[in-house]
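Scroll down for the structure; my scribbles are underneath it.
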Amino acid sequence: MKCDLHVHTVHSGMCTVPVFRRICRESYSDPGEVYATLKRRGMDLVTVTDHDSIGSSESLRRHPDFFLSEEVTCRTSRGTELHVAVYDIRERDHIEIQRRRDNLAALFAYLHEREILFAINHVFSALTGARAEADFGDFAEYFPAVEVLNGQMLPAANGHAETFAARHRKIALAGSDSHTLAGLGRTYTQVQGARGRRDFIDGLKSGRTAAFGESGSYRKLLLAVLEISRGMMRDQRWTFALAPLMSGVPLVVFAILARELAFAHRWGRHVRKTGQLEQIPALWIPTNGTKAGQVHDLSFRLPRNQEACLRRGCSSSSS
């Protein structure tokens, strides 16, 4: 079974770009259109991972092949902002997760108590700001899963994430991270042999996953930015006055990707050089030549050292 595990709709809130954060949304995609597009592109199951929101559930919960997820904005005691994906949650989980999102020890404890799978998204991206060296130690120690293939990230960033996940024996996940309809279902996670939603979720938790599809590119990001800009102008007609600024978008996108590439190479080389664990060759290479994905037979459980850490408060979560 296939599912795009990183999807945004109009419920993802306002964008974080300075100046535009008050007038432009992260996405203008209607949940119903998102669902229909994903099904048309061959996804067996559908989920939505809006930023700190489960607003899409109202219109999608009637579908038996839909399960609710969320991308949670968290902050460590060092000030690092993280995007943490949580999968197959209920509305009451959303409330408790939001209460704990700035206390990672409490958040991790809750997620493990509820047996909710969670992952660190776009590890080697500057999207959420600066990283500290200790952040990668926390990713290795406390997260059961890593997004190894993101449809908006450059191949270099995804490559470093895949190596990191293999080295630290993490469950490998993939999703389009699409904020427009165009990219939906182009990048996805497959669980071989799953026969239903429950089988698929159990397969994710046991690590029987494979990542397929596209990475990001200049053209892909440029088209997404232009589409979101058009959505903004449809939503707020007065913003048509900003249309002359659109001529600078190609240069801005180029600068963003140059920063992303530098960030990925810097931290990718550093983590390879100082990796705490030896690299484990645990990649499954599909015979059809599609993008390889990790398949680990891992159980989703709280390690003893993490259990002790959560009782006393781990380094990244003491706030």
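Residue numbers start at 1 in each chain; chains themselves are named A, B, ... in the order of the structure tokens; ligands are numbered from 1 in the order shown.
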
**Asked** Which parts of region 48-142 of chain A does DSSP call helix (DSSP H, G or I) when run on the backbone here, written out as a PyMOL selection string?
**Response** chain A and resi 57-60+91-100+104-113+133-142

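For Gly216 (chain A), the set of protein, DNA and RNA residues having any atom at most 8 Å away, when counting only C-alpha atoms and skipping those fewer than 5 positions along the same chain, is Asn150, Gly151, Gln152, Met153, Leu154, Pro155 and Leu221 of chain A.
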
Residues from last step as file, C-alpha atoms, as an mmCIF file, in the first residue's frame:
```cif
data_model
loop_
_atom_site.group_PDB
_atom_site.id
_atom_site.type_symbol
_atom_site.label_atom_id
_atom_site.label_comp_id
_atom_site.auth_asym_id
_atom_site.auth_seq_id
_atom_site.Cartn_x
_atom_site.Cartn_y
_atom_site.Cartn_z
ATOM 1 C CA ASN A 150 10.931 14.859 0.864
ATOM 2 C CA GLY A 151 9.445 15.979 -2.440
ATOM 3 C CA GLN A 152 10.441 19.618 -1.914
ATOM 4 C CA MET A 153 13.979 19.077 -0.606
ATOM 5 C CA LEU A 154 16.994 18.940 -2.923
ATOM 6 C CA PRO A 155 18.507 15.500 -3.661
ATOM 7 C CA LEU A 221 9.822 25.136 -5.963
#
```

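Going from CA of Arg195 (chain A) over to CA of Gly55 (chain A), you cover 27.6 Å.
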
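Restricting the calculation to only C-alpha atoms, the smallest distance between Asp199 (chain A) and any of A:Pro31, A:Glu91, A:Leu45, A:Asn103 is found for A:Leu45.
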
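When only C-alpha atoms are used to measure the gap to Arg78 (chain A), the shortest distance among A:Glu260, A:Asp102, A:Glu162, A:Glu141 belongs to A:Asp102.
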
**Fill in**
Phe118 (chain A) proximity check over A:Ala130, A:Leu223, A:Leu38, A:Val84, using only C-alpha atoms: winner is A:Val84

**Prompt:** Of the candidates A:Tyr35, A:Phe20, A:Tyr28, A:Phe164, which shows the shortest atom-to-atom distance to Val271 (chain A), using only C-alpha atoms?
**Reply:** A:Phe164
